[in-house]
file entry.txt (compact mmCIF, C-alpha atoms and all ligand atoms)
# COMPACT_ATOMS: atom_id res chain seq x y z
CA MET A 1 74.42 153.60 74.00
CA GLU A 2 72.84 154.80 77.28
CA HIS A 3 71.87 152.10 79.77
CA TYR A 4 68.98 152.14 82.24
CA ASP A 5 67.54 149.73 84.79
CA VAL A 6 64.07 150.20 83.29
CA ILE A 7 62.84 151.85 80.09
CA ILE A 8 59.17 152.77 79.73
CA ALA A 9 57.78 152.84 76.19
CA GLY A 10 54.74 155.11 76.50
CA ALA A 11 54.53 157.51 79.47
CA GLY A 12 50.78 158.08 79.52
CA SER A 13 48.30 157.01 82.19
CA MET A 14 50.00 153.74 83.15
CA GLY A 15 53.57 154.46 82.09
CA MET A 16 53.94 157.78 83.89
CA ALA A 17 52.64 156.28 87.15
CA ALA A 18 55.03 153.33 86.82
CA GLY A 19 57.89 155.74 86.18
CA TYR A 20 57.17 157.47 89.45
CA TYR A 21 57.03 154.29 91.55
CA LEU A 22 60.27 153.05 89.97
CA ALA A 23 62.19 156.31 90.37
CA LYS A 24 61.01 156.62 93.96
CA GLN A 25 62.79 153.33 94.70
CA GLY A 26 66.01 154.59 93.15
CA VAL A 27 65.60 152.58 89.94
CA ARG A 28 67.34 154.30 86.99
CA THR A 29 64.34 154.90 84.76
CA LEU A 30 63.98 156.33 81.25
CA MET A 31 60.46 157.23 80.10
CA LEU A 32 59.94 157.65 76.35
CA ASP A 33 56.80 159.13 74.89
CA ALA A 34 55.73 159.84 71.33
CA TRP A 35 54.17 163.15 72.44
CA ASP A 36 54.38 165.41 75.51
CA PRO A 37 52.09 163.91 78.18
CA PRO A 38 49.44 164.74 79.09
CA HIS A 39 48.29 165.32 75.52
CA THR A 40 45.27 164.78 73.30
CA MET A 41 46.53 162.00 71.01
CA GLY A 42 45.85 158.89 73.11
CA SER A 43 43.39 157.77 75.77
CA HIS A 44 43.78 160.16 78.70
CA HIS A 45 42.49 163.60 77.62
CA GLY A 46 39.17 165.35 78.18
CA ASP A 47 39.83 166.59 81.74
CA THR A 48 38.06 163.96 83.84
CA ARG A 49 37.64 160.23 84.48
CA ILE A 50 35.18 158.47 86.78
CA ILE A 51 36.52 156.38 89.66
CA ARG A 52 34.07 153.80 91.00
CA HIS A 53 34.88 151.40 93.84
CA ALA A 54 31.95 148.95 93.65
CA TYR A 55 32.61 147.33 90.31
CA GLY A 56 30.04 146.05 87.85
CA GLU A 57 32.78 144.66 85.59
CA GLY A 58 33.80 142.19 88.32
CA LYS A 59 34.29 142.25 92.07
CA GLN A 60 37.90 141.08 91.56
CA TYR A 61 38.72 144.68 90.62
CA VAL A 62 37.78 146.08 94.04
CA PRO A 63 41.11 145.56 95.89
CA LEU A 64 42.94 147.15 92.96
CA VAL A 65 40.65 150.19 92.84
CA LEU A 66 40.76 150.69 96.61
CA ARG A 67 44.55 150.73 96.48
CA ALA A 68 44.36 153.04 93.46
CA GLN A 69 42.16 155.45 95.41
CA GLU A 70 44.68 155.49 98.29
CA LEU A 71 47.51 156.20 95.86
CA TRP A 72 45.58 159.00 94.11
CA LEU A 73 45.03 160.68 97.47
CA GLU A 74 48.72 160.28 98.31
CA LEU A 75 49.64 161.82 94.95
CA GLN A 76 47.19 164.67 95.50
CA LYS A 77 48.85 165.43 98.82
CA ALA A 78 52.39 165.21 97.44
CA ALA A 79 51.53 167.36 94.41
CA GLY A 80 49.47 169.90 96.33
CA THR A 81 46.95 169.91 93.43
CA LYS A 82 43.30 168.85 93.43
CA LEU A 83 43.15 165.48 91.68
CA PHE A 84 40.00 163.87 93.10
CA GLU A 85 36.48 165.30 93.45
CA GLN A 86 34.16 163.26 95.65
CA THR A 87 30.99 163.80 93.61
CA GLY A 88 29.61 160.30 94.27
CA VAL A 89 28.76 158.01 91.36
CA LEU A 90 25.21 156.96 90.44
CA SER A 91 24.87 153.74 88.42
CA ALA A 92 21.43 153.11 86.92
CA GLY A 93 19.86 150.30 84.93
CA PRO A 94 16.86 148.03 84.50
CA THR A 95 15.82 145.92 87.50
CA ASP A 96 17.40 142.78 86.01
CA CYS A 97 20.67 144.48 85.01
CA PRO A 98 23.66 142.09 85.51
CA PHE A 99 26.11 145.03 85.81
CA LEU A 100 24.17 146.48 88.77
CA GLN A 101 23.83 143.06 90.35
CA GLU A 102 27.60 142.52 90.23
CA LEU A 103 28.18 146.05 91.49
CA ARG A 104 25.94 145.36 94.50
CA GLU A 105 27.64 142.04 95.19
CA SER A 106 31.05 143.71 95.05
CA ALA A 107 29.89 146.36 97.53
CA ARG A 108 28.58 143.64 99.85
CA ALA A 109 31.76 141.55 99.57
CA TYR A 110 34.00 144.51 100.46
CA SER A 111 31.61 146.42 102.77
CA LEU A 112 31.56 149.46 100.49
CA PRO A 113 29.00 152.20 101.17
CA LEU A 114 26.17 151.92 98.64
CA GLU A 115 22.64 153.31 98.57
CA VAL A 116 20.10 151.40 96.48
CA LEU A 117 17.38 153.72 95.18
CA GLN A 118 14.15 153.06 93.29
CA ALA A 119 13.36 155.18 90.23
CA ALA A 120 10.92 157.46 92.04
CA GLU A 121 13.51 158.19 94.77
CA VAL A 122 16.17 158.97 92.15
CA ASN A 123 13.88 161.34 90.25
CA LYS A 124 12.92 163.12 93.46
CA ARG A 125 16.47 163.45 94.80
CA TRP A 126 17.91 164.66 91.47
CA PRO A 127 15.13 166.46 89.60
CA GLY A 128 17.45 166.62 86.57
CA ILE A 129 17.00 162.84 86.06
CA LEU A 130 14.03 161.08 84.45
CA LEU A 131 14.54 157.41 85.32
CA PRO A 132 11.86 155.01 83.99
CA ASP A 133 9.76 153.08 86.55
CA ASP A 134 11.36 149.73 85.70
CA TYR A 135 14.88 151.06 86.40
CA TYR A 136 16.70 151.55 89.69
CA ALA A 137 20.06 153.01 90.70
CA CYS A 138 22.94 152.59 93.15
CA LEU A 139 24.71 155.60 94.61
CA GLU A 140 28.30 155.23 95.75
CA PRO A 141 28.87 158.34 97.85
CA SER A 142 32.62 157.84 98.39
CA SER A 143 33.52 157.60 94.68
CA GLY A 144 33.85 160.43 92.21
CA VAL A 145 35.95 162.04 89.55
CA LEU A 146 39.69 162.22 88.84
CA TYR A 147 41.22 165.16 86.98
CA ALA A 148 43.04 162.87 84.56
CA GLU A 149 45.45 165.27 82.90
CA ALA A 150 46.36 166.83 86.26
CA CYS A 151 47.03 163.29 87.58
CA ILE A 152 49.50 162.64 84.75
CA THR A 153 51.14 166.05 85.19
CA SER A 154 51.53 165.32 88.90
CA TYR A 155 53.09 161.90 88.29
CA ARG A 156 55.38 163.46 85.70
CA GLU A 157 56.61 166.14 88.12
CA GLN A 158 57.02 163.66 90.97
CA ALA A 159 58.82 161.12 88.77
CA LEU A 160 61.26 163.74 87.48
CA ALA A 161 61.85 165.02 91.01
CA ALA A 162 62.63 161.44 92.07
CA GLY A 163 65.27 161.16 89.33
CA ALA A 164 63.50 159.60 86.33
CA ARG A 165 64.38 160.88 82.86
CA LEU A 166 61.64 161.70 80.35
CA LEU A 167 62.15 162.13 76.63
CA THR A 168 59.08 163.66 75.00
CA ASN A 169 58.27 163.64 71.27
CA THR A 170 60.41 160.52 71.02
CA PRO A 171 58.40 157.64 69.56
CA VAL A 172 59.81 154.17 70.09
CA THR A 173 60.11 152.61 66.65
CA SER A 174 60.99 149.03 67.60
CA LEU A 175 62.15 146.80 70.43
CA SER A 176 64.76 144.05 70.29
CA PRO A 177 65.40 141.70 73.19
CA ASP A 178 69.13 141.57 73.89
CA GLY A 179 70.23 138.78 76.22
CA ALA A 180 68.52 139.51 79.52
CA GLY A 181 67.75 143.11 78.52
CA VAL A 182 66.05 145.04 75.73
CA ILE A 183 67.33 147.45 73.07
CA VAL A 184 64.90 150.28 72.41
CA HIS A 185 65.09 152.07 69.07
CA THR A 186 63.85 155.62 68.48
CA ALA A 187 64.44 158.02 65.60
CA SER A 188 66.84 160.03 67.74
CA GLY A 189 68.74 157.35 69.62
CA THR A 190 69.03 153.79 70.86
CA TYR A 191 68.87 152.82 74.53
CA ARG A 192 69.36 149.61 76.48
CA GLY A 193 67.26 148.69 79.46
CA GLU A 194 67.63 145.74 81.82
CA ARG A 195 63.84 145.71 81.84
CA LEU A 196 61.11 147.31 79.75
CA LEU A 197 57.53 148.39 80.40
CA LEU A 198 55.42 148.46 77.25
CA SER A 199 52.58 150.90 77.98
CA ALA A 200 51.95 152.64 74.67
CA GLY A 201 48.14 152.49 74.82
CA ALA A 202 46.57 152.26 71.36
CA TRP A 203 50.04 151.85 69.81
CA ASN A 204 50.90 148.70 71.79
CA PRO A 205 49.94 146.33 68.91
CA ALA A 206 52.58 147.84 66.61
CA LEU A 207 55.33 147.58 69.23
CA LEU A 208 54.24 144.08 70.26
CA ALA A 209 54.60 143.06 66.62
CA SER A 210 58.30 143.98 66.81
CA LEU A 211 58.50 141.44 69.66
CA GLY A 212 56.71 138.74 67.66
CA LEU A 213 53.58 138.85 69.82
CA LYS A 214 50.06 139.39 68.49
CA LEU A 215 47.41 140.08 71.09
CA PRO A 216 43.72 140.75 70.33
CA LEU A 217 43.88 144.50 71.06
CA VAL A 218 41.40 146.66 69.17
CA PRO A 219 41.90 150.47 69.18
CA THR A 220 38.47 152.08 68.91
CA ARG A 221 37.35 155.66 68.16
CA LYS A 222 35.36 157.19 71.02
CA THR A 223 33.94 160.65 71.60
CA VAL A 224 32.85 162.77 74.56
CA ALA A 225 30.92 166.02 74.55
CA TRP A 226 30.00 168.84 76.90
CA PHE A 227 26.50 170.32 76.81
CA GLY A 228 25.12 173.48 78.35
CA ALA A 229 23.08 172.41 81.39
CA ASP A 230 20.90 173.96 84.08
CA GLU A 231 23.50 174.61 86.81
CA GLU A 232 20.78 174.53 89.51
CA LEU A 233 20.24 170.85 88.67
CA TYR A 234 23.56 169.51 87.39
CA SER A 235 26.44 171.33 89.06
CA ALA A 236 29.06 169.17 90.79
CA ASP A 237 28.07 170.26 94.29
CA ARG A 238 24.65 168.59 93.87
CA PHE A 239 24.83 166.11 90.99
CA PRO A 240 26.92 162.91 90.86
CA ALA A 241 28.95 161.37 88.08
CA PHE A 242 26.82 158.65 86.46
CA ILE A 243 26.69 155.44 84.46
CA PHE A 244 23.46 154.39 82.76
CA ASN A 245 23.17 150.81 81.54
CA LEU A 246 20.34 150.88 79.04
CA GLU A 247 18.98 147.70 77.41
CA GLU A 248 21.36 147.96 74.44
CA SER A 249 23.85 150.68 75.28
CA MET A 250 25.82 152.23 78.12
CA TYR A 251 26.39 155.94 78.77
CA TYR A 252 28.52 157.67 81.40
CA GLY A 253 28.87 161.27 82.36
CA PHE A 254 29.96 163.99 84.73
CA PRO A 255 28.20 166.81 86.53
CA SER A 256 28.95 170.33 85.40
CA ILE A 257 32.33 171.14 86.96
CA ASP A 258 33.25 174.85 87.08
CA GLN A 259 30.23 175.52 84.85
CA ALA A 260 31.79 173.60 81.93
CA GLY A 261 28.46 171.85 81.25
CA VAL A 262 27.52 168.19 81.60
CA LYS A 263 30.13 165.96 79.95
CA ILE A 264 28.85 162.72 78.48
CA GLY A 265 30.09 159.76 76.44
CA ARG A 266 28.83 156.45 75.12
CA HIS A 267 30.79 153.48 76.49
CA ASP A 268 29.69 150.63 74.21
CA GLY A 269 30.33 150.51 70.46
CA GLY A 270 32.70 152.72 68.48
CA ILE A 271 34.59 151.96 65.30
CA GLU A 272 37.85 150.05 65.09
CA ILE A 273 40.67 152.34 63.98
CA ASP A 274 44.35 152.53 63.19
CA PRO A 275 45.48 155.18 65.71
CA ASP A 276 47.74 156.78 63.08
CA GLN A 277 44.75 157.30 60.74
CA LEU A 278 42.19 158.35 63.35
CA GLU A 279 39.50 160.86 62.31
CA ARG A 280 40.11 163.32 65.15
CA THR A 281 37.43 165.87 64.28
CA PHE A 282 34.49 165.71 66.66
CA GLY A 283 31.30 165.79 64.59
CA ALA A 284 32.81 163.97 61.61
CA PHE A 285 30.12 161.34 62.26
CA LEU A 286 26.52 162.33 63.04
CA SER A 287 26.51 159.88 65.95
CA ASP A 288 29.31 161.87 67.70
CA GLU A 289 26.74 164.36 68.93
CA GLY A 290 23.55 162.50 68.05
CA ASP A 291 23.94 159.51 70.38
CA VAL A 292 24.69 161.49 73.51
CA ARG A 293 22.17 164.22 72.78
CA ALA A 294 19.43 161.59 72.37
CA PHE A 295 20.42 160.09 75.74
CA LEU A 296 20.29 163.49 77.46
CA GLU A 297 16.96 164.44 75.89
CA THR A 298 15.42 161.25 77.26
CA TYR A 299 17.02 160.92 80.70
CA MET A 300 18.41 164.38 81.59
CA PRO A 301 16.52 166.87 79.44
CA GLN A 302 17.70 170.04 81.15
CA ALA A 303 21.29 169.01 80.37
CA ALA A 304 20.62 168.78 76.61
CA GLY A 305 21.56 172.41 75.94
CA PRO A 306 23.89 173.69 73.22
CA LEU A 307 26.95 171.63 72.40
CA ARG A 308 29.87 173.38 74.12
CA GLN A 309 32.73 171.19 72.89
CA GLY A 310 33.55 167.66 71.82
CA ARG A 311 36.68 165.48 71.83
CA VAL A 312 37.81 162.33 70.05
CA CYS A 313 39.68 159.78 72.15
CA ILE A 314 40.73 156.11 71.91
CA TYR A 315 39.73 152.96 73.80
CA THR A 316 41.93 149.88 73.32
CA MET A 317 39.64 146.91 73.75
CA THR A 318 40.35 143.28 74.62
CA PRO A 319 37.74 140.62 73.74
CA ASP A 320 36.67 140.14 77.39
CA GLU A 321 37.21 143.85 78.27
CA HIS A 322 39.63 142.90 81.04
CA PHE A 323 43.16 144.33 81.09
CA ILE A 324 46.48 142.74 80.19
CA ILE A 325 49.16 143.24 82.87
CA ASP A 326 51.75 140.54 82.50
CA ARG A 327 55.25 139.63 81.48
CA HIS A 328 56.01 138.73 77.88
CA PRO A 329 55.76 134.92 77.57
CA ASP A 330 59.20 134.62 75.92
CA TYR A 331 60.99 137.66 77.38
CA PRO A 332 60.31 137.95 81.11
CA GLN A 333 62.30 141.21 81.23
CA ILE A 334 59.38 142.84 79.36
CA VAL A 335 56.19 143.78 81.21
CA ILE A 336 53.10 144.62 79.16
CA ALA A 337 50.31 146.92 80.39
CA ALA A 338 47.68 147.03 77.65
CA GLY A 339 44.04 146.72 76.65
CA PHE A 340 42.48 148.93 79.31
CA SER A 341 39.19 148.67 77.44
CA GLY A 342 37.80 152.09 78.28
CA HIS A 343 37.82 151.66 82.05
CA GLY A 344 41.50 151.75 83.00
CA PHE A 345 42.27 155.28 84.13
CA LYS A 346 40.93 154.94 87.67
CA PHE A 347 43.42 152.08 88.20
CA ALA A 348 46.46 153.82 86.70
CA SER A 349 48.07 154.61 90.06
CA ALA A 350 47.79 150.99 91.24
CA VAL A 351 48.73 149.59 87.82
CA GLY A 352 51.84 151.79 87.93
CA GLU A 353 52.72 150.42 91.33
CA ALA A 354 52.00 146.81 90.27
CA ALA A 355 54.07 147.21 87.09
CA SER A 356 56.97 148.63 89.11
CA GLU A 357 56.85 145.51 91.31
CA LEU A 358 56.78 143.16 88.31
CA LEU A 359 59.74 145.02 86.81
CA THR A 360 61.88 145.08 89.92
CA ARG A 361 60.94 141.83 91.68
CA GLY A 362 59.43 139.70 88.91
CA SER A 363 56.17 139.38 90.87
CA SER A 364 53.53 141.64 92.39
CA THR A 365 51.76 141.88 95.73
CA TYR A 366 48.55 142.40 93.71
CA ASP A 367 46.57 139.44 92.42
CA LEU A 368 46.98 140.02 88.69
CA SER A 369 45.84 136.56 87.60
CA MET A 370 42.76 137.81 85.75
CA PHE A 371 44.99 140.10 83.67
CA SER A 372 47.23 137.30 82.38
CA LEU A 373 47.96 137.47 78.66
CA ARG A 374 48.00 133.70 78.51
CA ARG A 375 44.22 133.77 78.24
CA PHE A 376 44.78 135.02 74.68
CA CYS A 377 47.87 133.19 73.52
CA ASP A 378 47.84 129.61 74.85
C1 LIG B 401 36.62 159.13 76.16
C2 LIG B 401 37.20 158.26 77.22
C3 LIG B 401 36.60 158.19 78.46
C4 LIG B 401 37.10 157.37 79.45
N1 LIG B 401 36.51 157.35 80.69
C5 LIG B 401 37.05 156.63 81.68
C6 LIG B 401 36.55 156.72 83.00
O1 LIG B 401 35.59 157.47 83.26
N2 LIG B 401 37.16 155.99 83.98
C7 LIG B 401 38.21 155.19 83.71
O2 LIG B 401 38.71 154.55 84.65
N3 LIG B 401 38.73 155.09 82.48
C8 LIG B 401 38.18 155.78 81.46
N4 LIG B 401 38.71 155.74 80.20
C9 LIG B 401 39.79 154.80 79.91
C10 LIG B 401 41.16 155.30 80.31
O3 LIG B 401 41.31 156.68 80.04
C11 LIG B 401 42.21 154.46 79.58
O4 LIG B 401 41.96 153.08 79.90
C12 LIG B 401 43.62 154.81 80.00
O5 LIG B 401 43.87 156.19 79.84
C13 LIG B 401 44.60 153.99 79.17
O6 LIG B 401 45.91 154.30 79.59
P1 LIG B 401 47.19 153.91 78.73
O7 LIG B 401 48.36 154.25 79.56
O8 LIG B 401 47.02 152.53 78.21
O9 LIG B 401 47.09 154.88 77.45
P2 LIG B 401 47.57 156.42 77.29
O10 LIG B 401 47.21 157.21 78.50
O11 LIG B 401 47.05 156.88 75.98
O12 LIG B 401 49.15 156.31 77.25
C14 LIG B 401 49.84 155.71 76.20
C15 LIG B 401 51.05 156.59 75.93
O13 LIG B 401 51.90 155.92 75.01
C16 LIG B 401 52.45 156.89 74.17
N5 LIG B 401 52.92 156.24 72.95
C17 LIG B 401 52.20 155.71 71.94
N6 LIG B 401 53.00 155.18 71.02
C18 LIG B 401 54.27 155.35 71.44
C19 LIG B 401 55.53 155.00 70.91
N7 LIG B 401 55.66 154.35 69.76
N8 LIG B 401 56.64 155.36 71.62
C20 LIG B 401 56.52 156.03 72.79
N9 LIG B 401 55.33 156.38 73.32
C21 LIG B 401 54.23 156.04 72.66
C22 LIG B 401 51.33 157.87 73.93
O14 LIG B 401 51.82 159.13 73.50
C23 LIG B 401 50.68 157.93 75.30
O15 LIG B 401 51.19 159.00 76.07
C24 LIG B 401 38.22 156.57 79.18
C25 LIG B 401 38.85 156.63 77.93
C26 LIG B 401 38.35 157.48 76.96
C27 LIG B 401 39.02 157.52 75.62

call {"tool": "encode", "arguments": {"input": "entry.txt", "output": "structure tokens", "more": "lines below"}}
Ligand SMILES: Cc1cc2nc3c(=O)[nH]c(=O)nc-3n(C[C@H](O)[C@H](O)[C@H](O)COP(=O)(O)OP(=O)(O)OC[C@H]3O[C@@H](n4cnc5c(N)ncnc54)[C@H](O)[C@@H]3O)c2cc1C
result
Amino acid sequence: MEHYDVIIAGAGSMGMAAGYYLAKQGVRTLMLDAWDPPHTMGSHHGDTRIIRHAYGEGKQYVPLVLRAQELWLELQKAAGTKLFEQTGVLSAGPTDCPFLQELRESARAYSLPLEVLQAAEVNKRWPGILLPDDYYACLEPSSGVLYAEACITSYREQALAAGARLLTNTPVTSLSPDGAGVIVHTASGTYRGERLLLSAGAWNPALLASLGLKLPLVPTRKTVAWFGADEELYSADRFPAFIFNLEESMYYGFPSIDQAGVKIGRHDGGIEIDPDQLERTFGAFLSDEGDVRAFLETYMPQAAGPLRQGRVCIYTMTPDEHFIIDRHPDYPQIVIAAGFSGHGFKFASAVGEAASELLTRGSSTYDLSMFSLRRFCD
């Protein structure tokens, strides 16, 4: 049986980044993935992800995202590939919107650049937007868009160059703690690691079950779609990425990058799924196109052109929509990175670094207290 210092079960957004930070320190690292990352089976495809620094989900996230931004820029430099586009991010909502209030407080607490704009100013500055009078918006000029698949490819190349081993198309079938280490079973071989990172995205519940741990993780079917849009209004050199908090729903989207059209998705809702039985055809449900088209027709009508393409992807939700980054309560040699609840990609670089610290030192320089799994299993 081959032995490693650390084995990573799931080399996607979080796992591939962790693999790089481990290998860079000379840790003998084996990364196992069920497919060939980046790929379209999990949570990281569809070209782009928004990175916001002021954080409506909680100001505690700001130090983590600022470190993540630094690490993305370092990776971009090392890889010599464009990974980050500083489009700015516009967050809009009703005047009493708690998300926007928290976002503004987080910007104040960490002195982040933020412009607060009334509806009329928004509609004048971006004529492609029709914001109602009782809404307002916050523009974060320093935030923007990450090219998610290129980020994973870059981490993969850098991790391999630093000495990590990657086995693709090698699903982990079960995990058995073995003294102070872990035995990892796959269809094609068995490996022993002194430590293990469990970062299998929507498949974490199945692998956690083999470790006797049940966490409230809910894989959810999500879709995104690209629509033909007036390039004069919505191209990335003049239009920001955006998040709209409506009274009962939340939409996010991207300017038209390289004339691909405006990409848009609905953040709230979605149906609970078994990731092995996922309906992967975009358009299988009327709401796949209907929801986002209705949003565009109301708030960005010149971006509601023909449907160019659609994708089906997976969120893995926790009940409070905060992440789980922690050691297994019974097996401290196992670190779990799970439940990124549809907003994790922007943090993947920093989560990878934090996980590498937990795996090598048993603790992290990051404050990970809000991501403790004990909130679900005490
Ligand atoms: C449509 C959509 C839009 C999003 N938009 C944003 C956004 O704008 N900003 C943002 O920050 N976040 C966003 N997110 C969320 C973000 O993409 C996810 O939180 C993040 O990608 C989760 O990373 P992960 O490593 O947990 O999962 P993944 O990246 O899916 O990685 C898990 C890996 O585990 C592998 N795996 C699974 N089972 C096994 C097994 N048994 N053995 C070995 N390997 C296995 C998979 O093949 C996969 O490569 C979005 C997500 C979706 C779906």

call {"tool": "closest_residue", "arguments": {"input": "entry.txt", "among": "A:Ala354, A:Tyr234, A:Pro301, A:Tyr315", "to": "Arg266 in chain A", "atoms": "all atoms listed in the file"}}
result
A:Tyr315

call {"tool": "atom_distance", "arguments": {"input": "entry.txt", "atom1": "CA of Asp134 in chain A", "atom2": "CA of Asp237 in chain A"}}
result
27.8 Å

call {"tool": "residues_near_ligand", "arguments": {"input": "entry.txt", "ligand": "ligand LIG 401 (chain B)", "cutoff": "6 Å", "atoms": "only C-alpha atoms and all ligand atoms", "output": "ChimeraX atom specification"}}
result
/A:9-15,32-35,37,42-44,49-51,171-173,199-201,203,222-224,313-315,338,340-346

call {"tool": "residues_around", "arguments": {"input": "entry.txt", "residues": "Ile7 in chain A", "least_positions_apart": "2", "cutoff": "6 Å", "atoms": "all atoms listed in the file", "output": "list in words"}}
result
Thr29, Leu30, Met31, Gly193 and Leu196 of chain A

call {"tool": "residues_around", "arguments": {"input": "entry.txt", "residues": "Ile243 in chain A", "least_positions_apart": "4", "cutoff": "8 Å", "atoms": "all atoms listed in the file", "output": "list of chain:residue names"}}
result
A:Val89, A:Leu90, A:Ser91, A:Ala92, A:Met250, A:Tyr251, A:Tyr252, A:Gly253

call {"tool": "write_last_selection", "arguments": {"input": "entry.txt", "atoms": "C-alpha atoms", "output": "compact mmCIF listing (two decimals), in the coordinates of the input"}}
result
# COMPACT_ATOMS: atom_id res chain seq x y z
CA VAL A 89 28.76 158.01 91.36
CA LEU A 90 25.21 156.96 90.44
CA SER A 91 24.87 153.74 88.42
CA ALA A 92 21.43 153.11 86.92
CA MET A 250 25.82 152.23 78.12
CA TYR A 251 26.39 155.94 78.77
CA TYR A 252 28.52 157.67 81.40
CA GLY A 253 28.87 161.27 82.36

call {"tool": "atom_distance", "arguments": {"input": "entry.txt", "atom1": "CA of Gln60 in chain A", "atom2": "CA of Ala159 in chain A"}}
result
29.1 Å

call {"tool": "atom_distance", "arguments": {"input": "entry.txt", "atom1": "CA of Leu211 in chain A", "atom2": "CA of Arg327 in chain A"}}
result
12.4 Å

call {"tool": "residues_around", "arguments": {"input": "entry.txt", "residues": "Arg108 in chain A", "least_positions_apart": "4", "cutoff": "12 Å", "atoms": "all atoms listed in the file", "output": "list of chain:residue names"}}
result
A:His53, A:Ala54, A:Tyr55, A:Lys59, A:Val62, A:Gln101, A:Glu102, A:Leu103, A:Arg104, A:Leu112, A:Pro113, A:Leu114, A:Glu115, A:Val116

call {"tool": "closest_residue", "arguments": {"input": "entry.txt", "among": "A:Phe347, A:Asn204, A:Cys377, A:Lys263", "to": "Glu70 in chain A", "atoms": "all atoms listed in the file"}}
result
A:Phe347
